[in-house]
$ cat target.cif   # mmCIF, C-alpha atoms and all ligand atoms
data_final
loop_
_atom_site.label_atom_id
_atom_site.label_comp_id
_atom_site.auth_asym_id
_atom_site.auth_seq_id
_atom_site.Cartn_x
_atom_site.Cartn_y
_atom_site.Cartn_z
CA MET M 1 72.91 87.24 132.42
CA MET M 2 74.12 90.82 132.72
CA LEU M 3 72.47 93.02 135.37
CA ARG M 4 71.19 95.32 132.65
CA ASP M 5 69.56 92.36 130.86
CA CYS M 6 67.99 91.20 134.15
CA LEU M 7 66.56 94.64 134.79
CA LYS M 8 65.27 94.76 131.22
CA LEU M 9 63.61 91.38 131.62
CA LEU M 10 62.11 92.28 134.99
CA PHE M 11 60.83 95.53 133.60
CA SER M 12 59.31 93.83 130.56
CA LEU M 13 57.66 91.20 132.78
CA GLY M 14 56.63 93.90 135.22
CA ILE M 15 54.90 95.98 132.63
CA THR M 16 52.99 92.94 131.38
CA LEU M 17 51.85 91.99 134.86
CA PHE M 18 51.06 95.57 135.69
CA VAL M 19 48.86 95.88 132.67
CA LEU M 20 47.21 92.50 132.95
CA ASN M 21 46.60 92.52 136.69
CA GLY M 22 46.30 96.21 137.42
CA CYS M 23 49.37 95.95 139.72
CA SER M 24 47.27 96.33 142.85
CA SER M 25 44.60 94.46 144.79
CA GLU M 26 42.24 97.42 144.46
CA PRO M 27 40.19 97.42 141.27
CA LEU M 28 40.74 100.40 139.05
CA PRO M 29 37.83 102.84 139.05
CA LYS M 30 35.76 102.56 135.90
CA ILE M 31 35.77 105.84 134.08
CA LYS M 32 33.07 106.24 131.49
CA LYS M 33 34.80 107.68 128.47
CA GLU M 34 33.01 109.65 125.81
CA LYS M 35 35.43 108.64 123.09
CA LEU M 36 37.00 105.36 122.11
CA SER M 37 40.73 105.36 122.89
CA VAL M 38 42.70 103.63 120.15
CA LEU M 39 46.39 102.81 120.39
CA SER M 40 48.32 101.93 117.23
CA THR M 41 51.78 100.40 117.40
CA THR M 42 53.21 102.13 114.31
CA VAL M 43 52.84 105.58 112.80
CA MET M 44 51.55 104.06 109.54
CA ILE M 45 48.67 102.37 111.34
CA GLY M 46 48.12 105.47 113.48
CA ASP M 47 47.67 107.52 110.30
CA ILE M 48 44.78 105.33 109.16
CA VAL M 49 43.17 105.29 112.60
CA THR M 50 43.51 109.05 113.16
CA TYR M 51 42.01 109.84 109.76
CA ILE M 52 39.04 107.47 110.00
CA GLY M 53 38.37 108.07 113.69
CA GLY M 54 38.56 111.86 113.28
CA ASP M 55 37.17 113.70 116.30
CA LYS M 56 35.14 110.69 117.48
CA ILE M 57 38.14 108.83 118.93
CA VAL M 58 41.35 109.51 120.84
CA SER M 59 44.26 108.15 118.80
CA ASP M 60 47.74 107.48 120.15
CA ILE M 61 50.92 105.82 118.84
CA LEU M 62 53.06 103.38 120.81
CA ILE M 63 56.31 103.34 118.79
CA ASN M 64 57.81 106.71 117.92
CA ARG M 65 58.60 107.26 114.27
CA GLU M 66 62.40 107.06 114.59
CA LEU M 67 62.33 103.69 116.42
CA ASP M 68 62.53 100.21 114.92
CA PRO M 69 59.15 98.46 115.26
CA HIS M 70 60.79 95.04 114.72
CA SER M 71 62.73 95.15 117.97
CA TYR M 72 60.77 97.67 120.06
CA GLU M 73 60.42 96.83 123.76
CA PHE M 74 58.09 98.59 126.21
CA VAL M 75 59.53 101.66 127.92
CA LYS M 76 58.44 103.78 130.85
CA GLY M 77 55.10 105.42 130.13
CA ASP M 78 53.85 102.71 127.78
CA ASP M 79 51.84 101.09 130.58
CA GLU M 80 49.66 104.21 130.76
CA LYS M 81 49.03 104.11 127.02
CA LEU M 82 48.10 100.41 127.19
CA LEU M 83 45.79 100.91 130.17
CA GLU M 84 44.07 103.82 128.47
CA ALA M 85 43.42 101.94 125.22
CA ASP M 86 40.00 100.46 124.52
CA LEU M 87 41.39 99.06 121.32
CA ILE M 88 44.92 98.32 120.08
CA PHE M 89 45.81 97.97 116.42
CA TYR M 90 49.12 96.38 115.51
CA ASN M 91 50.67 95.26 112.24
CA GLY M 92 51.21 91.61 113.21
CA LEU M 93 52.76 89.09 110.79
CA GLY M 94 55.71 89.06 113.19
CA LEU M 95 56.59 92.76 112.80
CA GLU M 96 56.40 93.63 116.51
CA HIS M 97 58.64 90.85 117.77
CA GLY M 98 60.32 92.60 120.71
CA GLY M 99 59.71 90.14 123.61
CA SER M 100 57.68 92.35 125.96
CA VAL M 101 55.50 93.77 123.18
CA ARG M 102 54.89 90.39 121.53
CA ARG M 103 53.92 88.72 124.83
CA TYR M 104 51.52 91.51 125.71
CA LEU M 105 49.85 91.70 122.29
CA ASN M 106 49.44 87.91 122.10
CA LYS M 107 47.55 87.88 125.41
CA SER M 108 45.61 91.10 125.05
CA LEU M 109 41.91 90.64 124.29
CA ASN M 110 41.38 94.09 122.79
CA SER M 111 44.22 93.89 120.23
CA TYR M 112 43.89 93.40 116.48
CA ALA M 113 46.78 92.16 114.35
CA LEU M 114 45.78 93.89 111.11
CA GLY M 115 48.11 91.97 108.80
CA ASP M 116 47.02 88.58 110.18
CA GLU M 117 43.36 89.64 110.00
CA LEU M 118 43.85 90.79 106.41
CA ASP M 119 45.33 87.38 105.59
CA ARG M 120 42.35 85.62 107.18
CA ARG M 121 39.82 87.72 105.26
CA CYS M 122 41.73 87.93 101.93
CA PRO M 123 44.08 84.93 101.74
CA GLY M 124 46.84 84.80 99.14
CA LEU M 125 48.06 88.41 99.38
CA LEU M 126 51.11 87.88 101.57
CA ILE M 127 54.71 87.45 100.48
CA TYR M 128 56.69 84.71 102.26
CA LEU M 129 60.47 84.64 102.55
CA ASP M 130 61.77 81.23 103.63
CA HIS M 131 58.21 80.38 104.78
CA ILE M 132 58.11 83.47 107.02
CA PRO M 133 55.46 86.10 106.20
CA ASP M 134 56.90 89.46 105.19
CA PRO M 135 55.24 91.98 107.53
CA HIS M 136 55.92 95.12 105.42
CA ILE M 137 52.44 95.21 103.85
CA TRP M 138 52.17 99.03 104.01
CA MET M 139 54.73 99.26 101.20
CA ASP M 140 51.99 98.31 98.72
CA VAL M 141 49.40 101.09 98.95
CA SER M 142 46.66 98.84 97.54
CA LEU M 143 47.17 96.46 100.48
CA TRP M 144 47.19 99.37 102.92
CA GLN M 145 43.89 100.43 101.36
CA LYS M 146 42.47 97.03 102.38
CA VAL M 147 43.83 97.58 105.88
CA ALA M 148 42.03 100.94 105.98
CA GLN M 149 38.82 99.09 105.09
CA LEU M 150 39.49 96.62 107.91
CA VAL M 151 40.09 99.40 110.44
CA THR M 152 36.83 101.04 109.31
CA GLN M 153 34.91 97.81 109.93
CA ILE M 154 36.43 97.26 113.37
CA LEU M 155 35.79 100.86 114.47
CA MET M 156 32.17 100.52 113.29
CA GLU M 157 31.75 97.32 115.33
CA LYS M 158 33.34 98.84 118.44
CA ASP M 159 31.50 102.16 118.28
CA PRO M 160 28.28 101.61 116.29
CA VAL M 161 26.91 105.03 117.28
CA HIS M 162 29.46 106.66 114.98
CA SER M 163 29.45 103.99 112.28
CA ALA M 164 28.17 106.31 109.52
CA TYR M 165 30.96 108.77 110.34
CA PHE M 166 33.65 106.05 110.22
CA LEU M 167 32.21 104.60 107.02
CA GLU M 168 32.27 107.97 105.25
CA ARG M 169 35.81 108.81 106.34
CA GLY M 170 37.06 105.28 105.69
CA GLY M 171 35.69 105.46 102.14
CA ARG M 172 37.37 108.81 101.60
CA LEU M 173 40.73 107.47 102.82
CA GLN M 174 40.46 104.38 100.63
CA ASN M 175 39.86 106.63 97.61
CA LYS M 176 42.95 108.66 98.47
CA TYR M 177 44.99 105.47 98.75
CA ALA M 178 43.62 104.14 95.45
CA GLN M 179 44.77 107.35 93.71
CA LEU M 180 48.18 107.21 95.39
CA HIS M 181 48.60 103.58 94.33
CA GLN M 182 47.90 104.51 90.70
CA ALA M 183 50.25 107.51 90.83
CA ILE M 184 53.16 105.46 92.24
CA HIS M 185 52.54 102.68 89.73
CA LYS M 186 52.60 105.19 86.87
CA LYS M 187 55.80 106.79 88.13
CA MET M 188 57.68 103.52 88.72
CA THR M 189 56.66 101.93 85.43
CA SER M 190 57.87 105.05 83.60
CA ILE M 191 61.43 104.03 84.63
CA SER M 192 62.93 101.85 81.92
CA LEU M 193 63.02 98.12 82.70
CA GLU M 194 66.81 98.17 82.35
CA GLN M 195 67.09 100.64 85.23
CA ARG M 196 64.21 99.41 87.40
CA TYR M 197 66.20 97.66 90.16
CA LEU M 198 66.01 98.44 93.84
CA VAL M 199 68.85 97.61 96.24
CA THR M 200 68.01 98.62 99.82
CA SER M 201 69.27 97.86 103.34
CA HIS M 202 66.71 95.34 104.62
CA ASP M 203 63.95 93.26 103.06
CA ALA M 204 61.25 95.92 103.42
CA PHE M 205 60.54 96.61 99.76
CA ASN M 206 59.22 93.27 98.49
CA TYR M 207 55.58 94.42 98.52
CA PHE M 208 56.65 97.68 96.88
CA ALA M 209 58.50 95.74 94.18
CA ARG M 210 55.60 93.37 93.56
CA ALA M 211 53.14 96.26 93.25
CA TYR M 212 55.23 98.71 91.24
CA LEU M 213 58.36 97.22 89.64
CA GLY M 214 56.87 94.61 87.29
CA SER M 215 55.76 91.00 87.11
CA ASP M 216 59.37 89.82 87.46
CA TRP M 217 59.67 91.84 90.69
CA GLN M 218 61.60 89.14 92.54
CA GLN M 219 64.54 89.80 90.22
CA ARG M 220 64.25 93.55 90.78
CA VAL M 221 64.60 93.91 94.55
CA LEU M 222 67.70 93.08 96.58
CA ALA M 223 68.65 93.65 100.21
CA PRO M 224 71.66 92.44 102.20
CA GLU M 225 69.71 92.19 105.45
CA GLY M 226 66.67 90.05 106.16
CA LEU M 227 63.11 90.92 107.20
CA ALA M 228 64.39 92.74 110.29
CA PRO M 229 67.41 95.05 110.03
CA ASP M 230 70.35 93.71 112.03
CA GLY M 231 73.34 95.47 110.44
CA GLN M 232 74.80 92.15 109.24
CA ILE M 233 75.67 90.81 105.82
CA SER M 234 77.11 87.36 105.09
CA LEU M 235 79.91 86.85 102.58
CA GLN M 236 77.56 84.67 100.57
CA GLY M 237 74.89 87.40 100.59
CA LEU M 238 77.46 89.98 99.55
CA ARG M 239 78.64 87.80 96.63
CA LEU M 240 75.07 87.23 95.46
CA ILE M 241 74.25 90.93 95.44
CA ILE M 242 77.49 91.93 93.69
CA ASP M 243 76.86 89.29 91.00
CA GLN M 244 73.32 90.53 90.43
CA MET M 245 74.47 94.13 90.33
CA LYS M 246 77.02 93.17 87.68
CA GLU M 247 74.48 91.21 85.67
CA HIS M 248 71.89 94.00 85.66
CA HIS M 249 74.33 96.94 85.58
CA ILE M 250 72.91 98.36 88.83
CA GLU M 251 74.64 101.63 89.68
CA VAL M 252 72.61 103.04 92.60
CA ILE M 253 71.87 101.56 96.02
CA PHE M 254 69.46 103.04 98.55
CA PRO M 255 70.18 103.50 102.26
CA GLU M 256 67.17 103.49 104.59
CA ALA M 257 66.55 106.14 107.23
CA TYR M 258 67.01 104.91 110.82
CA VAL M 259 68.69 101.72 109.53
CA SER M 260 72.47 101.20 109.55
CA SER M 261 73.95 101.71 106.09
CA ASP M 262 77.11 99.70 106.98
CA PRO M 263 76.08 96.65 104.90
CA LEU M 264 75.42 98.93 101.92
CA LYS M 265 78.81 100.57 102.35
CA LYS M 266 80.38 97.09 102.33
CA ILE M 267 78.57 96.40 99.07
CA GLN M 268 79.78 99.69 97.63
CA GLU M 269 83.40 98.94 98.67
CA SER M 270 83.28 95.42 97.20
CA ALA M 271 81.66 96.69 94.01
CA ASP M 272 84.33 99.37 93.76
CA PHE M 273 87.04 96.70 94.24
CA GLU M 274 85.57 94.76 91.33
CA GLY M 275 85.50 97.81 89.10
CA LEU M 276 81.78 98.68 89.37
CA ALA M 277 80.87 102.32 89.86
CA VAL M 278 78.11 102.23 92.47
CA LYS M 279 76.74 105.24 94.31
CA LEU M 280 74.63 105.52 97.42
CA SER M 281 71.50 107.62 96.95
CA ASN M 282 71.97 110.96 98.70
CA ASP M 283 68.42 110.71 100.03
CA PRO M 284 67.46 107.69 102.14
CA LEU M 285 64.28 105.68 101.67
CA TYR M 286 61.80 105.32 104.51
CA SER M 287 60.65 101.78 105.23
CA ASP M 288 59.60 101.10 108.81
CA SER M 289 59.11 104.69 109.90
CA LEU M 290 58.14 108.02 108.45
CA PRO M 291 60.08 111.25 107.95
CA GLU M 292 59.37 113.90 110.58
CA ALA M 293 56.11 115.79 109.98
CA THR M 294 55.15 113.48 107.11
CA ASP M 295 52.19 111.14 106.92
CA TYR M 296 52.00 107.70 105.30
CA GLU M 297 50.95 109.10 101.92
CA GLY M 298 53.81 111.62 102.04
CA MET M 299 56.27 108.84 102.86
CA MET M 300 55.18 106.66 99.94
CA SER M 301 55.26 109.60 97.50
CA TYR M 302 58.67 110.62 98.82
CA ASN M 303 60.05 107.08 98.37
CA ALA M 304 58.71 106.89 94.82
CA GLY M 305 60.27 110.30 94.09
CA VAL M 306 63.70 109.31 95.42
CA ILE M 307 63.67 106.04 93.48
CA TYR M 308 62.54 107.77 90.29
CA ASP M 309 65.10 110.59 90.59
CA ASN M 310 67.92 108.07 91.03
CA LEU M 311 66.90 105.52 88.41
CA ALA M 312 65.09 107.33 85.60
CA ARG M 313 67.35 108.33 82.73
ZN ZN B 1 61.33 96.35 108.44
#
$ encode --input "target.cif" --output "structure tokens" --more "lines below"
Ligand SMILES: [Zn+2]
Amino acid sequence: MMLRDCLKLLFSLGITLFVLNGCSSEPLPKIKKEKLSVLSTTVMIGDIVTYIGGDKIVSDILINRELDPHSYEFVKGDDEKLLEADLIFYNGLGLEHGGSVRRYLNKSLNSYALGDELDRRCPGLLIYLDHIPDPHIWMDVSLWQKVAQLVTQILMEKDPVHSAYFLERGGRLQNKYAQLHQAIHKKMTSISLEQRYLVTSHDAFNYFARAYLGSDWQQRVLAPEGLAPDGQISLQGLRLIIDQMKEHHIEVIFPEAYVSSDPLKKIQESADFEGLAVKLSNDPLYSDSLPEATDYEGMMSYNAGVIYDNLAR
């Protein structure tokens, strides 16, 4: 094992022990806090929490918006965030699978895996790829609306004094999401069926496709990489995508922000070699993270706009 890997492992173990055991024989002083401190792993979850919690909670995000939540590992400073949190919300369904983060969240008693909890309360909503649940549930706004309802319920249980406040704000957010869901559906279904195909970098748009691209959505979404972006594409995967692009006359492919577009460039080169004119969208889509200074609703509207502008004729 390389020294760097050893240090990484020791650090990741260290942070877990530090958090679980307090890292010292002296008990930490109990500070009575006026507000519930809530830590969310991703910006998308943090958006829900910040809106519903308003000025009655302190909301913080673990994984910065430009970082990959699939592979994120704890870094310096995260231990303070974890210690401070009364409550941790994470996506679950295998999204946060970086070793140190996964181990900590699995053991933590004040953590809620929102996707797994959603599946327990409303079974049958998840998409499975090769028997593995697809964690990208935020890409269907109607599912994210259910997650907002779940967050509302948990905040009400944890801080019953402010339950009316959370209920009112949670209801308002769910209404906003319901309207956004309708607007995206209207926009996507206004693209002709012949053009309504989405080729992206990694398998993050299955829920989007199911919600907005039509009942035969599985034929309408393609990605060279799997559920987590790894910059790889197999020859077999490349052949499959090129064949489907030929069959459906797909002319545009969509890079994703913060994800390597190398596999898409390979597709473009191969398509070019076989006489297909394929262009990369000038604007990337956002899948696992949001554009700077944009919230979840802004990200979903932006994605719908980029897809529409590229595909609608
Ligand atoms: Zn992803």
$ atom_distance --input "target.cif" --atom1 "atom CA of Glu194 of chain M" --atom2 "atom CA of Ile242 of chain M"
16.8 Å
$ closest_residue --input "target.cif" --among "M:Val161, M:Val221, M:Ala113, M:Leu213" --to "Asn91 of chain M" --atoms "only C-alpha atoms"
M:Ala113
$ atom_distance --input "target.cif" --atom1 "atom CA of Glu168 of chain M" --atom2 "atom CA of Trp144 of chain M"
17.4 Å
$ residues_around --input "target.cif" --residues "segment 55-72 of chain M" --least-positions-apart "4" --cutoff "6 Å" --atoms "all atoms listed in the file" --output "ChimeraX atom specification"
/M:35-42,50,95-98,289-290
$ residues_near_ligand --input "target.cif" --ligand "ligand ZN 1 (chain B)" --cutoff "8 Å" --atoms "all atoms listed in the file" --output "PDB file with C-alpha atoms, in the frame of the given file"
ATOM      1  CA  ASP M  68      62.530 100.210 114.920  1.00  0.00           C
ATOM      2  CA  PRO M  69      59.150  98.460 115.260  1.00  0.00           C
ATOM      3  CA  HIS M  70      60.790  95.040 114.720  1.00  0.00           C
ATOM      4  CA  LEU M  95      56.590  92.760 112.800  1.00  0.00           C
ATOM      5  CA  PRO M 135      55.240  91.980 107.530  1.00  0.00           C
ATOM      6  CA  HIS M 136      55.920  95.120 105.420  1.00  0.00           C
ATOM      7  CA  HIS M 202      66.710  95.340 104.620  1.00  0.00           C
ATOM      8  CA  ASP M 203      63.950  93.260 103.060  1.00  0.00           C
ATOM      9  CA  ALA M 204      61.250  95.920 103.420  1.00  0.00           C
ATOM     10  CA  LEU M 227      63.110  90.920 107.200  1.00  0.00           C
ATOM     11  CA  ALA M 228      64.390  92.740 110.290  1.00  0.00           C
ATOM     12  CA  PRO M 229      67.410  95.050 110.030  1.00  0.00           C
ATOM     13  CA  SER M 287      60.650 101.780 105.230  1.00  0.00           C
ATOM     14  CA  ASP M 288      59.600 101.100 108.810  1.00  0.00           C
TER      15      ASP M 288
END
$ atom_distance --input "target.cif" --atom1 "atom CA of Tyr296 of chain M" --atom2 "atom CA of Asp47 of chain M"
6.6 Å
$ axis_aligned_box --input "target.cif" --around "segment 57-74 of chain M" --padding-each-side "6 Å" --output "JSON"
{"center_x": 50.4, "center_y": 102.3, "center_z": 120.2, "size_x": 36.6, "size_y": 26.5, "size_z": 23.9}
$ build_atoms --input "target.cif" --residues "segment 35-53 of chain M" --atoms "N, CA and C atoms" --output "CSV table (one decimal), keeping the file's coordinate frame"
chain,number,residue,atom,x,y,z
M,35,LYS,N,34.8,109.0,124.4
M,35,LYS,CA,35.4,108.6,123.1
M,35,LYS,C,36.2,107.4,123.2
M,36,LEU,N,36.2,106.6,122.2
M,36,LEU,CA,37.0,105.4,122.1
M,36,LEU,C,38.5,105.7,122.1
M,37,SER,N,39.3,105.1,122.9
M,37,SER,CA,40.7,105.4,122.9
M,37,SER,C,41.4,104.3,122.1
M,38,VAL,N,42.1,104.6,121.0
M,38,VAL,CA,42.7,103.6,120.2
M,38,VAL,C,44.2,103.8,120.1
M,39,LEU,N,44.9,102.8,120.4
M,39,LEU,CA,46.4,102.8,120.4
M,39,LEU,C,46.9,102.0,119.2
M,40,SER,N,47.7,102.6,118.4
M,40,SER,CA,48.3,101.9,117.2
M,40,SER,C,49.8,101.7,117.5
M,41,THR,N,50.3,100.6,117.1
M,41,THR,CA,51.8,100.4,117.4
M,41,THR,C,52.6,101.3,116.5
M,42,THR,N,52.3,101.4,115.2
M,42,THR,CA,53.2,102.1,114.3
M,42,THR,C,52.5,103.4,113.8
M,43,VAL,N,53.4,104.3,113.3
M,43,VAL,CA,52.8,105.6,112.8
M,43,VAL,C,52.0,105.3,111.6
M,44,MET,N,52.3,104.3,110.8
M,44,MET,CA,51.6,104.1,109.5
M,44,MET,C,50.1,103.6,109.9
M,45,ILE,N,50.0,102.8,110.9
M,45,ILE,CA,48.7,102.4,111.3
M,45,ILE,C,47.9,103.6,112.0
M,46,GLY,N,48.7,104.3,112.8
M,46,GLY,CA,48.1,105.5,113.5
M,46,GLY,C,47.5,106.5,112.5
M,47,ASP,N,48.2,106.6,111.3
M,47,ASP,CA,47.7,107.5,110.3
M,47,ASP,C,46.3,107.1,109.8
M,48,ILE,N,46.1,105.8,109.6
M,48,ILE,CA,44.8,105.3,109.2
M,48,ILE,C,43.7,105.6,110.3
M,49,VAL,N,44.1,105.2,111.5
M,49,VAL,CA,43.2,105.3,112.6
M,49,VAL,C,42.8,106.8,112.9
M,50,THR,N,43.8,107.6,112.9
M,50,THR,CA,43.5,109.0,113.2
M,50,THR,C,42.6,109.6,112.1
M,51,TYR,N,42.8,109.3,110.8
M,51,TYR,CA,42.0,109.8,109.8
M,51,TYR,C,40.6,109.3,109.9
M,52,ILE,N,40.4,108.0,110.0
M,52,ILE,CA,39.0,107.5,110.0
M,52,ILE,C,38.3,107.8,111.3
M,53,GLY,N,39.0,107.8,112.4
M,53,GLY,CA,38.4,108.1,113.7
M,53,GLY,C,38.0,109.5,113.9
